[in-house]
Structure formats: C-alpha cells, structure tokens
Amino acid sequence: MAPQRDYYQVLGVAETATTDEIKKAFRRLAKQHHPDRNPNNPQSAERFKEINEAHDVLSDAEKRKKYDQLRRYGAFAGAGQRGPAGGSEGDSGVDFDISDLSSFGGLGDIFSSIFGRRGGAKEPEVEEIETSVAIPFRVAALGGKIPITLTLSEVCPTCGGRGAAPGATISTCPECKGRGTISFGQGGFAVNRPCPVCRGKGTVPSKRCGTCQGSGEVRVEKRITVAIPPGTEDGTRLRLKDQGAKGKGDVVVQIQVEPDRFFRREGLDVIGVVPINLAQAMLGSKIKVRTLDAKQVVLKLPPGTQHGQKFRIPGQGIERNGRRGDQYVEVHVQIPERLSPEEQAAVKAFAEKAGLKY
Ligand SMILES: [Zn+2]
Ligand SMILES: [Zn+2]
C-alpha cells in the first residue's frame, strides 16, 4: 500500500513544527497506540505503523525536505491541492524534479525511490532489475515506445531449480555437510560463504541437470516495451512494475538521451543552429527550418541579422504536463574562407563605401 496519509496530520502537528515538536508528538502518540497497550487491535496497529512512518520521515531533515516538496504538489491525502508554491528557485539542493512525476508508475513509486521503502512489507523480497537504455533525442522530447531486451535469471524449467537431472538421486553435500555454507578464517574472523560445491543448497545430485548445468537457474531473454513520456530528461529513471522474471520484481530503466545532430534542449525549449551566408545576414532572407516533429517552417530574417541571433518559433518546443516550450533558431553567419580576385575587389569597394577600415 502506498503511503497516502499526510504525515503532519498523522502526528497532529503544524507543517512548521520543529523537530522537537515532532518528536514530542511522536512519543505521545506512539505510547497511546503501542501494540502492547492495544493487543488484538488492528486499527491501533495500523495507526502505530503510520505514526512510525511519519516520524521516520519528518524527523530526518533530508527526508522531510523532499517530503515537503512532494506534499506541496498535493501528493498526499489531506495535504491540500495548492499546486506549485511560488518559484522553484528556493528549492535548490533537492535533487528531485517534481515535473518528473509523470515518468513514474505512481506516487508510491516515487515515495519508495526517495525513502527507500517498499509499500507492502509482507511481500516476499523480489529482486529489482536495473538496466539502462540510450534513446534518440526526438523520442525523449516527443515521447514514444522503445523495445528493450532484458536478460533475466529464471528457475530452470527442467529441474525446477534443484539442479538435478531427471531421475538423479539427491544426497547431502559432502563439502558442507548439508549446511550450505562453509566457513574459513580471514584476518582472525571466521567468514561464512555459500558452499561452492552445492552452491548453498546443502545437497548434491548424483547427476547434474543438463539444461542449467546444476545451477538451477537459466538465463532467459525477455523483450519489453518501455513507454517514454514526452519531455523525458537524460538520467530519468523509469520504474516498470512487475516486469521482472515471471512477472515479479520491478524493472528500473535509466534513460540516457542521445544528443541530436541539430537540436539541443533547455528546459522545454529546443534550440537548433542554422547556418546562413553573409548576404542573407546583411540583406535579410527567408529560410526554411525544420521543427522537432519534422514540420517545415519558413522563418523571415531581417536585414542586418547578427551572428548568434536567436529567433523564436512559438509552441514548437517540448510538451509536458500541458505546457509547451518554444523552438529557437540560432543563426550562425558563415564567412567565405576564400575570395576570388573579383570578389575581393567587390568587398573592398563595399568596405570603402561603408567606411569600414581593414
Ligand atoms: Zn536445471
Ligand atoms: Zn555444499
């Protein structure tokens, strides 16, 4: 279950409460709802858990700061939908981009990723799989689907994970005498390691499974499709729920955004450099520019356009959460590297007329 309660309400303190006040409220409530004082009372047990969670987060300055940031966006029940409060400049030092909310599976996931806690405590531990994928700039900007192939370990279908060939007899491992671990001295300490002969199982088969060579596991490839939300930034981590081996465990995909030949990104805006020649810059011109979604737009350059000047094409940037950025065309004036004698004479004549010294 994802934490949905507002932690300040859980502890009954103001959002401006000091750490001391939070601690006091926690102690009072923890006493009141302690399982020892409320035997066989599931409501109290639930409340006790909540109180502990709230205290765990609010008493830690780092965690509280992040929680507060999430809370301002109305992430938790009862916290009120206030929306982004003021500018985000004041939030420096928080390495969490609130606008990435849409990239996550849900608020519970964000919460887990910040506070390192899984929702359902009773669930058996399933390993999380981490992978990374490089995606083209355009897919990151506009959104799209990217297929990835995961290599997963699954229980061997032939032996069911026992590592024994069909019909083989199983006996106690002679190396570890069935313990599954062996200990050896290291720097005055006895260190336990999984037994290399039985690989921690404590038993050995008379004949190993041919499919998995006795390991009990096989490597399988699984193809999954990752939906890339529009406006995905480099380094974004997408969590795919229950996409691991046999549909268990989450797959966390770290996104690397490949640079584009033409575009670079600033927030929701995209910037593309377009070369123009000297005559276009001096006399003005109409140039064709392609947008992020491969449309062509005609851009009018005024006479006297400067090198590095930027022209805005409204609404052609990256769209995210209903906001859309702009495209900027940065013109670079190309100077001819070589002039023929006639061209040189013409430029000299121009320079004289314009009073340019050289
Ligand atoms: Zn096997
Ligand atoms: Zn063994």
# chains A, B, ... in the order shown; residues from 1 in each chain; ligands from 1
>>> select_by_dssp(residues="region 191-323 of chain A", states="strand (DSSP E)", output="JSON, numbers by chain")
{"A": [191, 192, 193, 194, 203, 204, 205, 217, 218, 219, 220, 221, 222, 223, 224, 225, 226, 227, 228, 237, 238, 239, 240, 251, 252, 253, 254, 255, 256, 257, 263, 264, 265, 266, 269, 270, 271, 272, 273, 274, 275, 276, 277, 285, 286, 287, 288, 289, 290, 296, 297, 298, 299, 300, 301, 310, 311, 312, 313, 319, 320, 323]}
>>> residues_near_ligand(ligand="ligand 2", cutoff="8 Å", atoms="only C-alpha atoms and all ligand atoms", output="list in words")
Thr172, Cys173, Pro174, Glu175, Cys176, Lys177, Gly178, Arg179, Gly180, Thr181, Ile182, Pro194, Cys195, Pro196, Val197, Cys198, Arg199, Gly200, Lys201, Gly202, Thr203 and Val204 of chain A
>>> atom_distance(atom1="CA of Ala346 (chain A)", atom2="CA of Gln280 (chain A)")
16.8 Å
>>> residues_near_ligand(ligand="ligand 1", cutoff="7 Å", atoms="only C-alpha atoms and all ligand atoms", output="list of chain:residue names")
A:Cys156, A:Pro157, A:Thr158, A:Cys159, A:Gly160, A:Gly161, A:Arg162, A:Gly163, A:Ala164, A:Ala165, A:Cys209, A:Gly210, A:Thr211, A:Cys212, A:Gln213, A:Gly214, A:Ser215, A:Gly216, A:Glu217
>>> select_by_dssp(residues="region 226-299 of chain A", states="helix (DSSP H, G or I)", output="list in words")
Ala245, Lys246, Gly247, Leu278, Ala279, Gln280, Ala281, Met282 and Leu283 of chain A
>>> atom_distance(atom1="CA of Ile228 (chain A)", atom2="CA of Ala294 (chain A)")
18.9 Å
>>> residues_around(residues="region 26-33 of chain A", least_positions_apart="6", cutoff="9 Å", atoms="only C-alpha atoms", output="ChimeraX atom specification")
/A:11,44-45,47-48,51-52,54-55
>>> atom_distance(atom1="CA of Lys222 (chain A)", atom2="CA of Arg138 (chain A)")
25.5 Å
>>> residues_around(residues="Gly317 (chain A)", least_positions_apart="3", cutoff="10 Å", atoms="only C-alpha atoms", output="PDB file with all heavy atoms, in the first residue's frame")
ATOM      1  N   ALA A 141      12.116  13.735 -26.426  1.00  0.00           N
ATOM      2  CA  ALA A 141      11.400  15.010 -26.458  1.00  0.00           C
ATOM      3  C   ALA A 141       9.907  14.807 -26.726  1.00  0.00           C
ATOM      4  O   ALA A 141       9.068  15.397 -26.052  1.00  0.00           O
ATOM      5  CB  ALA A 141      12.005  15.911 -27.524  1.00  0.00           C
ATOM      6  N   LEU A 142       9.604  13.959 -27.689  1.00  0.00           N
ATOM      7  CA  LEU A 142       8.209  13.819 -28.124  1.00  0.00           C
ATOM      8  C   LEU A 142       7.491  12.649 -27.467  1.00  0.00           C
ATOM      9  O   LEU A 142       6.277  12.532 -27.550  1.00  0.00           O
ATOM     10  CB  LEU A 142       8.155  13.644 -29.651  1.00  0.00           C
ATOM     11  CG  LEU A 142       8.743  14.790 -30.476  1.00  0.00           C
ATOM     12  CD1 LEU A 142       8.839  14.397 -31.931  1.00  0.00           C
ATOM     13  CD2 LEU A 142       7.904  16.052 -30.317  1.00  0.00           C
ATOM     14  N   GLY A 231       9.116  14.672 -23.150  1.00  0.00           N
ATOM     15  CA  GLY A 231       9.904  15.555 -22.286  1.00  0.00           C
ATOM     16  C   GLY A 231      10.792  14.816 -21.308  1.00  0.00           C
ATOM     17  O   GLY A 231      11.201  15.369 -20.300  1.00  0.00           O
ATOM     18  N   ARG A 265      18.625  21.030 -25.959  1.00  0.00           N
ATOM     19  CA  ARG A 265      17.455  21.290 -25.157  1.00  0.00           C
ATOM     20  C   ARG A 265      17.765  22.220 -23.999  1.00  0.00           C
ATOM     21  O   ARG A 265      18.818  22.127 -23.378  1.00  0.00           O
ATOM     22  CB  ARG A 265      16.988  19.939 -24.610  1.00  0.00           C
ATOM     23  CG  ARG A 265      15.758  20.036 -23.790  1.00  0.00           C
ATOM     24  CD  ARG A 265      15.286  18.657 -23.405  1.00  0.00           C
ATOM     25  NE  ARG A 265      14.241  18.852 -22.422  1.00  0.00           N
ATOM     26  CZ  ARG A 265      13.591  17.890 -21.820  1.00  0.00           C
ATOM     27  NH1 ARG A 265      13.901  16.653 -22.093  1.00  0.00           N
ATOM     28  NH2 ARG A 265      12.656  18.154 -20.950  1.00  0.00           N
ATOM     29  N   GLU A 266      16.844  23.135 -23.717  1.00  0.00           N
ATOM     30  CA  GLU A 266      16.926  23.935 -22.493  1.00  0.00           C
ATOM     31  C   GLU A 266      15.543  23.952 -21.881  1.00  0.00           C
ATOM     32  O   GLU A 266      14.661  24.651 -22.356  1.00  0.00           O
ATOM     33  CB  GLU A 266      17.406  25.360 -22.806  1.00  0.00           C
ATOM     34  CG  GLU A 266      18.920  25.503 -22.735  1.00  0.00           C
ATOM     35  CD  GLU A 266      19.416  26.869 -23.167  1.00  0.00           C
ATOM     36  OE1 GLU A 266      18.683  27.850 -22.995  1.00  0.00           O
ATOM     37  OE2 GLU A 266      20.550  26.923 -23.687  1.00  0.00           O
ATOM     38  N   GLY A 267      15.370  23.171 -20.829  1.00  0.00           N
ATOM     39  CA  GLY A 267      14.039  23.045 -20.241  1.00  0.00           C
ATOM     40  C   GLY A 267      13.082  22.480 -21.269  1.00  0.00           C
ATOM     41  O   GLY A 267      13.332  21.421 -21.831  1.00  0.00           O
ATOM     42  N   LEU A 268      12.010  23.198 -21.536  1.00  0.00           N
ATOM     43  CA  LEU A 268      11.051  22.724 -22.533  1.00  0.00           C
ATOM     44  C   LEU A 268      11.329  23.325 -23.914  1.00  0.00           C
ATOM     45  O   LEU A 268      10.651  23.009 -24.883  1.00  0.00           O
ATOM     46  CB  LEU A 268       9.614  23.059 -22.100  1.00  0.00           C
ATOM     47  CG  LEU A 268       9.098  22.341 -20.856  1.00  0.00           C
ATOM     48  CD1 LEU A 268       7.662  22.730 -20.563  1.00  0.00           C
ATOM     49  CD2 LEU A 268       9.199  20.830 -20.997  1.00  0.00           C
ATOM     50  N   ASP A 269      12.318  24.203 -23.977  1.00  0.00           N
ATOM     51  CA  ASP A 269      12.661  24.800 -25.268  1.00  0.00           C
ATOM     52  C   ASP A 269      13.706  23.953 -25.991  1.00  0.00           C
ATOM     53  O   ASP A 269      14.517  23.285 -25.358  1.00  0.00           O
ATOM     54  CB  ASP A 269      13.239  26.213 -25.067  1.00  0.00           C
ATOM     55  CG  ASP A 269      12.212  27.176 -24.473  1.00  0.00           C
ATOM     56  OD1 ASP A 269      11.007  26.938 -24.666  1.00  0.00           O
ATOM     57  OD2 ASP A 269      12.627  28.137 -23.809  1.00  0.00           O
ATOM     58  N   VAL A 270      13.665  24.003 -27.318  1.00  0.00           N
ATOM     59  CA  VAL A 270      14.714  23.356 -28.103  1.00  0.00           C
ATOM     60  C   VAL A 270      15.401  24.425 -28.947  1.00  0.00           C
ATOM     61  O   VAL A 270      14.772  25.385 -29.389  1.00  0.00           O
ATOM     62  CB  VAL A 270      14.178  22.224 -29.001  1.00  0.00           C
ATOM     63  CG1 VAL A 270      13.720  21.049 -28.170  1.00  0.00           C
ATOM     64  CG2 VAL A 270      13.069  22.709 -29.906  1.00  0.00           C
ATOM     65  N   ILE A 271      16.687  24.238 -29.101  1.00  0.00           N
ATOM     66  CA  ILE A 271      17.474  25.214 -29.853  1.00  0.00           C
ATOM     67  C   ILE A 271      18.203  24.491 -30.970  1.00  0.00           C
ATOM     68  O   ILE A 271      18.820  23.447 -30.744  1.00  0.00           O
ATOM     69  CB  ILE A 271      18.495  25.904 -28.931  1.00  0.00           C
ATOM     70  CG1 ILE A 271      17.742  26.656 -27.824  1.00  0.00           C
ATOM     71  CG2 ILE A 271      19.382  26.885 -29.711  1.00  0.00           C
ATOM     72  CD1 ILE A 271      18.448  26.676 -26.535  1.00  0.00           C
ATOM     73  N   THR A 291      11.162  21.673 -37.667  1.00  0.00           N
ATOM     74  CA  THR A 291      10.833  21.659 -36.248  1.00  0.00           C
ATOM     75  C   THR A 291      11.096  20.257 -35.698  1.00  0.00           C
ATOM     76  O   THR A 291      11.426  19.336 -36.434  1.00  0.00           O
ATOM     77  CB  THR A 291       9.351  22.013 -36.029  1.00  0.00           C
ATOM     78  OG1 THR A 291       8.550  21.035 -36.699  1.00  0.00           O
ATOM     79  CG2 THR A 291       9.023  23.394 -36.583  1.00  0.00           C
ATOM     80  N   LEU A 292      10.920  20.148 -34.382  1.00  0.00           N
ATOM     81  CA  LEU A 292      11.141  18.886 -33.678  1.00  0.00           C
ATOM     82  C   LEU A 292      10.318  17.748 -34.288  1.00  0.00           C
ATOM     83  O   LEU A 292      10.802  16.634 -34.450  1.00  0.00           O
ATOM     84  CB  LEU A 292      10.739  19.098 -32.213  1.00  0.00           C
ATOM     85  CG  LEU A 292      11.264  18.153 -31.169  1.00  0.00           C
ATOM     86  CD1 LEU A 292      12.775  18.133 -31.183  1.00  0.00           C
ATOM     87  CD2 LEU A 292      10.755  18.579 -29.803  1.00  0.00           C
ATOM     88  N   ASP A 293       9.070  18.028 -34.623  1.00  0.00           N
ATOM     89  CA  ASP A 293       8.241  16.969 -35.203  1.00  0.00           C
ATOM     90  C   ASP A 293       8.284  16.990 -36.733  1.00  0.00           C
ATOM     91  O   ASP A 293       7.327  16.610 -37.403  1.00  0.00           O
ATOM     92  CB  ASP A 293       6.805  17.002 -34.660  1.00  0.00           C
ATOM     93  CG  ASP A 293       6.231  18.409 -34.619  1.00  0.00           C
ATOM     94  OD1 ASP A 293       6.884  19.326 -35.149  1.00  0.00           O
ATOM     95  OD2 ASP A 293       5.142  18.587 -34.059  1.00  0.00           O
ATOM     96  N   ILE A 313      10.340  30.377 -32.562  1.00  0.00           N
ATOM     97  CA  ILE A 313       9.169  29.809 -33.239  1.00  0.00           C
ATOM     98  C   ILE A 313       8.264  29.298 -32.109  1.00  0.00           C
ATOM     99  O   ILE A 313       8.549  28.279 -31.497  1.00  0.00           O
ATOM    100  CB  ILE A 313       9.548  28.665 -34.194  1.00  0.00           C
ATOM    101  CG1 ILE A 313      10.619  29.140 -35.189  1.00  0.00           C
ATOM    102  CG2 ILE A 313       8.326  28.147 -34.923  1.00  0.00           C
ATOM    103  CD1 ILE A 313      11.170  28.038 -36.072  1.00  0.00           C
ATOM    104  N   PRO A 314       7.194  30.036 -31.818  1.00  0.00           N
ATOM    105  CA  PRO A 314       6.414  29.714 -30.621  1.00  0.00           C
ATOM    106  C   PRO A 314       5.754  28.338 -30.706  1.00  0.00           C
ATOM    107  O   PRO A 314       5.328  27.910 -31.776  1.00  0.00           O
ATOM    108  CB  PRO A 314       5.351  30.822 -30.562  1.00  0.00           C
ATOM    109  CG  PRO A 314       5.739  31.820 -31.592  1.00  0.00           C
ATOM    110  CD  PRO A 314       6.639  31.145 -32.568  1.00  0.00           C
ATOM    111  N   ARG A 320       4.987  19.117 -22.139  1.00  0.00           N
ATOM    112  CA  ARG A 320       4.894  18.253 -20.964  1.00  0.00           C
ATOM    113  C   ARG A 320       3.910  18.844 -19.967  1.00  0.00           C
ATOM    114  O   ARG A 320       3.935  20.035 -19.700  1.00  0.00           O
ATOM    115  CB  ARG A 320       6.266  18.071 -20.308  1.00  0.00           C
ATOM    116  CG  ARG A 320       6.231  16.926 -19.311  1.00  0.00           C
ATOM    117  CD  ARG A 320       7.589  16.414 -18.974  1.00  0.00           C
ATOM    118  NE  ARG A 320       8.348  17.386 -18.210  1.00  0.00           N
ATOM    119  CZ  ARG A 320       9.532  17.137 -17.723  1.00  0.00           C
ATOM    120  NH1 ARG A 320      10.110  15.979 -17.945  1.00  0.00           N
ATOM    121  NH2 ARG A 320      10.164  18.047 -17.036  1.00  0.00           N
ATOM    122  N   ARG A 323       2.106  21.979 -20.794  1.00  0.00           N
ATOM    123  CA  ARG A 323       2.880  23.166 -21.159  1.00  0.00           C
ATOM    124  C   ARG A 323       3.722  22.834 -22.370  1.00  0.00           C
ATOM    125  O   ARG A 323       4.189  21.715 -22.525  1.00  0.00           O
ATOM    126  CB  ARG A 323       3.777  23.586 -19.992  1.00  0.00           C
ATOM    127  CG  ARG A 323       3.002  24.227 -18.843  1.00  0.00           C
ATOM    128  CD  ARG A 323       3.914  24.505 -17.666  1.00  0.00           C
ATOM    129  NE  ARG A 323       5.085  25.291 -18.042  1.00  0.00           N
ATOM    130  CZ  ARG A 323       6.308  25.084 -17.534  1.00  0.00           C
ATOM    131  NH1 ARG A 323       6.507  24.118 -16.670  1.00  0.00           N
ATOM    132  NH2 ARG A 323       7.310  25.832 -17.910  1.00  0.00           N
ATOM    133  N   ARG A 324       3.893  23.840 -23.217  1.00  0.00           N
ATOM    134  CA  ARG A 324       4.685  23.572 -24.411  1.00  0.00           C
ATOM    135  C   ARG A 324       5.760  24.640 -24.548  1.00  0.00           C
ATOM    136  O   ARG A 324       5.484  25.840 -24.447  1.00  0.00           O
ATOM    137  CB  ARG A 324       3.760  23.569 -25.627  1.00  0.00           C
ATOM    138  CG  ARG A 324       4.483  23.279 -26.904  1.00  0.00           C
ATOM    139  CD  ARG A 324       3.783  22.237 -27.747  1.00  0.00           C
ATOM    140  NE  ARG A 324       4.771  21.637 -28.638  1.00  0.00           N
ATOM    141  CZ  ARG A 324       4.472  20.949 -29.722  1.00  0.00           C
ATOM    142  NH1 ARG A 324       3.230  20.711 -30.038  1.00  0.00           N
ATOM    143  NH2 ARG A 324       5.434  20.453 -30.469  1.00  0.00           N
ATOM    144  N   GLY A 325       6.959  24.201 -24.800  1.00  0.00           N
ATOM    145  CA  GLY A 325       8.076  25.123 -24.969  1.00  0.00           C
ATOM    146  C   GLY A 325       8.134  25.658 -26.394  1.00  0.00           C
ATOM    147  O   GLY A 325       7.284  25.359 -27.226  1.00  0.00           O
ATOM    148  N   ASP A 326       9.132  26.456 -26.667  1.00  0.00           N
ATOM    149  CA  ASP A 326       9.307  27.063 -27.986  1.00  0.00           C
ATOM    150  C   ASP A 326      10.564  26.512 -28.651  1.00  0.00           C
ATOM    151  O   ASP A 326      11.407  25.919 -28.006  1.00  0.00           O
ATOM    152  CB  ASP A 326       9.452  28.579 -27.855  1.00  0.00           C
ATOM    153  CG  ASP A 326       8.242  29.201 -27.169  1.00  0.00           C
ATOM    154  OD1 ASP A 326       7.115  28.728 -27.420  1.00  0.00           O
ATOM    155  OD2 ASP A 326       8.429  30.135 -26.365  1.00  0.00           O
ATOM    156  N   GLN A 327      10.628  26.736 -29.953  1.00  0.00           N
ATOM    157  CA  GLN A 327      11.861  26.410 -30.665  1.00  0.00           C
ATOM    158  C   GLN A 327      12.607  27.706 -30.933  1.00  0.00           C
ATOM    159  O   GLN A 327      12.003  28.722 -31.278  1.00  0.00           O
ATOM    160  CB  GLN A 327      11.546  25.708 -31.989  1.00  0.00           C
ATOM    161  CG  GLN A 327      12.803  25.430 -32.812  1.00  0.00           C
ATOM    162  CD  GLN A 327      12.504  24.605 -34.047  1.00  0.00           C
ATOM    163  OE1 GLN A 327      11.416  24.054 -34.187  1.00  0.00           O
ATOM    164  NE2 GLN A 327      13.476  24.508 -34.929  1.00  0.00           N
ATOM    165  N   TYR A 328      13.906  27.675 -30.729  1.00  0.00           N
ATOM    166  CA  TYR A 328      14.732  28.825 -31.052  1.00  0.00           C
ATOM    167  C   TYR A 328      15.674  28.461 -32.191  1.00  0.00           C
ATOM    168  O   TYR A 328      16.288  27.391 -32.167  1.00  0.00           O
ATOM    169  CB  TYR A 328      15.528  29.284 -29.829  1.00  0.00           C
ATOM    170  CG  TYR A 328      14.659  30.004 -28.824  1.00  0.00           C
ATOM    171  CD1 TYR A 328      14.022  29.305 -27.809  1.00  0.00           C
ATOM    172  CD2 TYR A 328      14.454  31.371 -28.914  1.00  0.00           C
ATOM    173  CE1 TYR A 328      13.201  29.951 -26.903  1.00  0.00           C
ATOM    174  CE2 TYR A 328      13.634  32.033 -28.016  1.00  0.00           C
ATOM    175  CZ  TYR A 328      13.010  31.320 -27.014  1.00  0.00           C
ATOM    176  OH  TYR A 328      12.196  31.975 -26.138  1.00  0.00           O
TER     177      TYR A 328
END
>>> residues_around(residues="Pro336 (chain A)", least_positions_apart="4", cutoff="12 Å", atoms="only C-alpha atoms", output="PDB file with N, CA and C atoms, in the first residue's frame")
ATOM      1  N   ILE A 276      23.747  30.577 -42.009  1.00  0.00           N
ATOM      2  CA  ILE A 276      23.288  31.445 -43.101  1.00  0.00           C
ATOM      3  C   ILE A 276      24.520  32.113 -43.714  1.00  0.00           C
ATOM      4  N   ASN A 277      24.387  32.602 -44.956  1.00  0.00           N
ATOM      5  CA  ASN A 277      25.548  33.238 -45.560  1.00  0.00           C
ATOM      6  C   ASN A 277      25.531  34.742 -45.309  1.00  0.00           C
ATOM      7  N   LEU A 278      26.610  35.357 -45.672  1.00  0.00           N
ATOM      8  CA  LEU A 278      26.833  36.780 -45.419  1.00  0.00           C
ATOM      9  C   LEU A 278      25.735  37.644 -46.039  1.00  0.00           C
ATOM     10  N   ALA A 279      25.336  37.304 -47.269  1.00  0.00           N
ATOM     11  CA  ALA A 279      24.310  38.091 -47.967  1.00  0.00           C
ATOM     12  C   ALA A 279      22.976  37.978 -47.254  1.00  0.00           C
ATOM     13  N   SER A 340      37.746  35.059 -54.679  1.00  0.00           N
ATOM     14  CA  SER A 340      38.437  35.222 -55.957  1.00  0.00           C
ATOM     15  C   SER A 340      38.868  36.691 -56.068  1.00  0.00           C
ATOM     16  N   GLU A 343      35.871  38.945 -56.364  1.00  0.00           N
ATOM     17  CA  GLU A 343      35.115  39.035 -55.111  1.00  0.00           C
ATOM     18  C   GLU A 343      35.834  39.964 -54.138  1.00  0.00           C
ATOM     19  N   GLN A 344      37.150  39.792 -54.082  1.00  0.00           N
ATOM     20  CA  GLN A 344      37.951  40.647 -53.201  1.00  0.00           C
ATOM     21  C   GLN A 344      37.755  42.126 -53.555  1.00  0.00           C
ATOM     22  N   VAL A 347      34.348  43.304 -52.378  1.00  0.00           N
ATOM     23  CA  VAL A 347      34.283  43.523 -50.920  1.00  0.00           C
ATOM     24  C   VAL A 347      35.038  44.788 -50.549  1.00  0.00           C
TER      25      VAL A 347
END
